[in-house]
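> One structure follows; several queries about it will come next.
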Amino acid sequence: MKYTGPRCRLCRREGKKLFLKGEKCFTQKCPVTRRNYPPGQHKKTFGKPTEYAIQLREKQKAKRIYGLNETQFANYYARAVRKKGSVTGDMMFALLESRFDNVIYRSGLADSRNQARQFVSHGLLKLNGKVVTIPSIQVRAGDYFEITDAQKENQVFREKKNQKTDVPGWLELDIKNLKGNVKRELAKEDLPNEVDAQLIVEYYSR
């Protein structure tokens with residue numbers, strides 16, 4: 001079941017910022033900054049977590065970062081396992097990072113993955129010259145993307161042209177023209193380090 005509650009509550013549950021709300025996450029208004037304890041009526045204290053609990057929390061954290069439900073996330077793990085000759089954890093996160101909505105977020109054209117997912121779902125972006133509305137499409141080296149001509153004068157995207165963006169090395173962005181491309185396949189050093197992939201592999205391998 002898809003979570004529809006406050007996204008900041010998810011960050012508080014994990015005890016760290018998952019950057020689900022874009023710009024708000026970098027301000028003092030961020031609930032994790034103001035209330036750095038799990039959500040609930042009272043502050044809660046717990047004993048030392050079990051090995052399983054640690055693995056579960058890491059899986060939950062990754063699932064929430066990418067905005068996926070349980071079945072979707074498990075499917076990425078299953079796909080990674082089937083890839084012969086690759087490290088399962090690395091392959092799983094390479095697949096997650098190669099989602100079209102994540103690429104739009106990483107490129108800086110959206111402030112959060114949720115916003116990127118909305119942009120794609122509403123048909124505001126083109127991939128390889130065609131409008132696509134499926135956020136989970138996998139991109140490959142050589143693919144190019146851009147905001148549709150009809151949306152380039154939208155205030156949201158006009159403001160983007162004046163923002164500085166920190167684009168990862170496997171992507172390239174022409175911010176003035178609101179377009180970019182995938183320069184190469186992801187390498188191990190391109191994968192996110194905020195999540196321990198090995199703990200997730202251990203969770204699913206139980």
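Labels for the structure tokens follow display order: chains A, B, ..., residues from 1 in each chain, ligands from 1.
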Give me the residues near Ile65 in chain A as a list in words, where near means some atom within 9 Å (using only C-alpha atoms) and where sequence neighbours in that chain fewer than 5 positions away do not count.
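Within the cut-off, the hits are Leu18, Phe19, Leu20, Gln60 and Arg113 of chain A.
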> Per DSSP on the backbone, filter range 17-174 of chain A down to the residues in strand (DSSP E or B) and report them as a PyMOL selection string.
chain A and resi 99+125-127+130-131+138+144-147+171-174
> Export, as a short mmCIF file (atom, residue, chain, number, x, y, z; two decimals), in the first residue's frame, the selected residues with all heavy atoms.

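What landed in out_14.cif:
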```
data_model
loop_
_atom_site.label_atom_id
_atom_site.label_comp_id
_atom_site.auth_asym_id
_atom_site.auth_seq_id
_atom_site.Cartn_x
_atom_site.Cartn_y
_atom_site.Cartn_z
N ARG A 99 16.28 4.86 -12.77
CA ARG A 99 14.87 5.19 -13.02
C ARG A 99 14.78 6.60 -13.59
O ARG A 99 15.54 7.50 -13.20
CB ARG A 99 14.07 5.12 -11.71
CG ARG A 99 13.74 3.73 -11.23
CD ARG A 99 13.11 3.81 -9.84
NE ARG A 99 11.93 4.68 -9.83
CZ ARG A 99 10.67 4.25 -9.87
NH1 ARG A 99 10.42 2.94 -9.93
NH2 ARG A 99 9.65 5.09 -9.84
N LEU A 125 7.93 15.92 -19.51
CA LEU A 125 9.28 15.63 -19.97
C LEU A 125 9.29 14.69 -21.16
O LEU A 125 8.39 13.86 -21.33
CB LEU A 125 10.09 15.01 -18.83
CG LEU A 125 10.49 15.99 -17.72
CD1 LEU A 125 10.06 15.48 -16.39
CD2 LEU A 125 11.98 16.24 -17.76
N LYS A 126 10.35 14.83 -21.95
CA LYS A 126 10.57 13.93 -23.08
C LYS A 126 11.83 13.12 -22.84
O LYS A 126 12.81 13.63 -22.29
CB LYS A 126 10.68 14.73 -24.38
CG LYS A 126 9.39 15.41 -24.80
CD LYS A 126 9.46 15.93 -26.23
CE LYS A 126 10.38 17.12 -26.36
NZ LYS A 126 10.31 17.73 -27.72
N LEU A 127 11.81 11.88 -23.27
CA LEU A 127 12.98 11.02 -23.22
C LEU A 127 13.26 10.55 -24.63
O LEU A 127 12.39 9.98 -25.29
CB LEU A 127 12.71 9.81 -22.30
CG LEU A 127 13.84 8.79 -22.19
CD1 LEU A 127 15.07 9.41 -21.56
CD2 LEU A 127 13.38 7.58 -21.37
N LYS A 130 10.60 11.75 -27.15
CA LYS A 130 9.20 11.36 -27.00
C LYS A 130 8.71 11.63 -25.58
O LYS A 130 9.43 11.36 -24.61
CB LYS A 130 9.01 9.87 -27.33
CG LYS A 130 9.34 9.51 -28.77
CD LYS A 130 9.09 8.03 -29.03
CE LYS A 130 9.39 7.66 -30.48
NZ LYS A 130 9.15 6.21 -30.74
N VAL A 131 7.50 12.13 -25.46
CA VAL A 131 6.90 12.35 -24.15
C VAL A 131 6.64 10.99 -23.49
O VAL A 131 6.07 10.10 -24.12
CB VAL A 131 5.58 13.13 -24.25
CG1 VAL A 131 4.90 13.22 -22.89
CG2 VAL A 131 5.84 14.54 -24.79
N GLN A 138 13.67 2.73 -17.29
CA GLN A 138 15.12 2.69 -17.07
C GLN A 138 15.84 3.43 -18.19
O GLN A 138 15.58 3.18 -19.37
CB GLN A 138 15.60 1.23 -17.04
CG GLN A 138 15.04 0.41 -15.91
CD GLN A 138 15.65 0.75 -14.57
OE1 GLN A 138 14.98 0.75 -13.56
NE2 GLN A 138 16.92 1.04 -14.55
N TYR A 144 18.80 10.90 -23.85
CA TYR A 144 18.72 12.33 -23.54
C TYR A 144 17.30 12.69 -23.14
O TYR A 144 16.33 12.04 -23.53
CB TYR A 144 19.19 13.16 -24.74
CG TYR A 144 18.40 12.95 -26.02
CD1 TYR A 144 17.33 13.79 -26.35
CD2 TYR A 144 18.74 11.94 -26.91
CE1 TYR A 144 16.61 13.60 -27.52
CE2 TYR A 144 18.02 11.74 -28.08
CZ TYR A 144 16.95 12.58 -28.38
OH TYR A 144 16.24 12.38 -29.54
N PHE A 145 17.18 13.70 -22.33
CA PHE A 145 15.89 14.11 -21.78
C PHE A 145 15.79 15.63 -21.79
O PHE A 145 16.80 16.34 -21.79
CB PHE A 145 15.74 13.56 -20.35
CG PHE A 145 16.88 13.92 -19.44
CD1 PHE A 145 16.87 15.10 -18.69
CD2 PHE A 145 17.98 13.07 -19.33
CE1 PHE A 145 17.93 15.42 -17.85
CE2 PHE A 145 19.05 13.39 -18.49
CZ PHE A 145 19.01 14.56 -17.75
N GLU A 146 14.55 16.12 -21.78
CA GLU A 146 14.33 17.56 -21.78
C GLU A 146 12.90 17.88 -21.36
O GLU A 146 12.00 17.05 -21.48
CB GLU A 146 14.61 18.15 -23.15
CG GLU A 146 13.70 17.64 -24.25
CD GLU A 146 14.05 18.24 -25.61
OE1 GLU A 146 14.31 19.45 -25.67
OE2 GLU A 146 14.06 17.48 -26.60
N ILE A 147 12.73 19.10 -20.88
CA ILE A 147 11.39 19.59 -20.59
C ILE A 147 10.68 19.84 -21.93
O ILE A 147 11.30 20.30 -22.88
CB ILE A 147 11.46 20.91 -19.78
CG1 ILE A 147 12.26 20.71 -18.49
CG2 ILE A 147 10.06 21.43 -19.47
CD1 ILE A 147 11.66 19.71 -17.53
N LEU A 171 25.83 12.12 -15.38
CA LEU A 171 24.82 12.90 -16.09
C LEU A 171 25.42 14.20 -16.60
O LEU A 171 26.44 14.66 -16.11
CB LEU A 171 23.65 13.22 -15.16
CG LEU A 171 22.79 12.06 -14.66
CD1 LEU A 171 21.75 12.57 -13.67
CD2 LEU A 171 22.13 11.33 -15.81
N GLU A 172 24.76 14.78 -17.59
CA GLU A 172 25.16 16.09 -18.12
C GLU A 172 23.90 16.93 -18.27
O GLU A 172 22.88 16.43 -18.75
CB GLU A 172 25.86 15.91 -19.47
CG GLU A 172 26.51 17.17 -19.99
CD GLU A 172 27.36 16.89 -21.21
OE1 GLU A 172 26.86 16.22 -22.15
OE2 GLU A 172 28.53 17.31 -21.22
N LEU A 173 23.97 18.19 -17.86
CA LEU A 173 22.78 19.05 -17.90
C LEU A 173 23.09 20.38 -18.58
O LEU A 173 24.08 21.04 -18.26
CB LEU A 173 22.27 19.31 -16.47
CG LEU A 173 21.05 20.21 -16.35
CD1 LEU A 173 19.81 19.51 -16.92
CD2 LEU A 173 20.80 20.61 -14.90
N ASP A 174 22.22 20.75 -19.49
CA ASP A 174 22.23 22.08 -20.11
C ASP A 174 21.07 22.84 -19.48
O ASP A 174 19.95 22.82 -19.99
CB ASP A 174 22.06 21.95 -21.63
CG ASP A 174 22.01 23.31 -22.32
OD1 ASP A 174 22.08 24.35 -21.64
OD2 ASP A 174 21.88 23.32 -23.57
#
```
> What's the separation between CA of Ala116 in chain A and CA of Ile104 in chain A, in Å to one decimal place?
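So the answer is 5.9 Å.
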> Find, counting only C-alpha atoms, the residue in A:Arg106, A:Lys160, A:His122, A:Arg79 that gets nearest to Asp190 in chain A.
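Under the stated criterion, the closest residue is A:Arg106.
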> Please report the interatomic distance between CA of Asn102 in chain A and CA of Pro135 in chain A in Å with one decimal.
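Between CA of Asn102 in chain A and CA of Pro135 in chain A the gap is 8.2 Å.
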> Need the shell around Glu189 in chain A: protein/DNA/RNA residues with any atom at most 12 Å away, counting only C-alpha atoms. Skip same-chain ones fewer than 2 positions apart. Format as JSON, numbers by chain?
{"A": [90, 93, 94, 168, 169, 170, 185, 186, 187, 191, 192, 193]}
> Which of these, A:Arg206, A:Thr33, A:Asp101, A:Gly15, has the shortest distance to Glu58 in chain A once you count only C-alpha atoms?
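Closest candidate: A:Gly15.
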> Can you measure CA of Lys161 in chain A to CA of Ala110 in chain A for me? One decimal in Å is fine.
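Distance between the two atoms: 11.9 Å.
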> Apply DSSP to the backbone of this structure and, from range 67-194 of chain A, keep only the residues in helix (DSSP H, G or I); write these as a PyMOL selection string.
chain A and resi 70-82+88-97+100-107+113-121+149-151+155-160+175-177+188-190
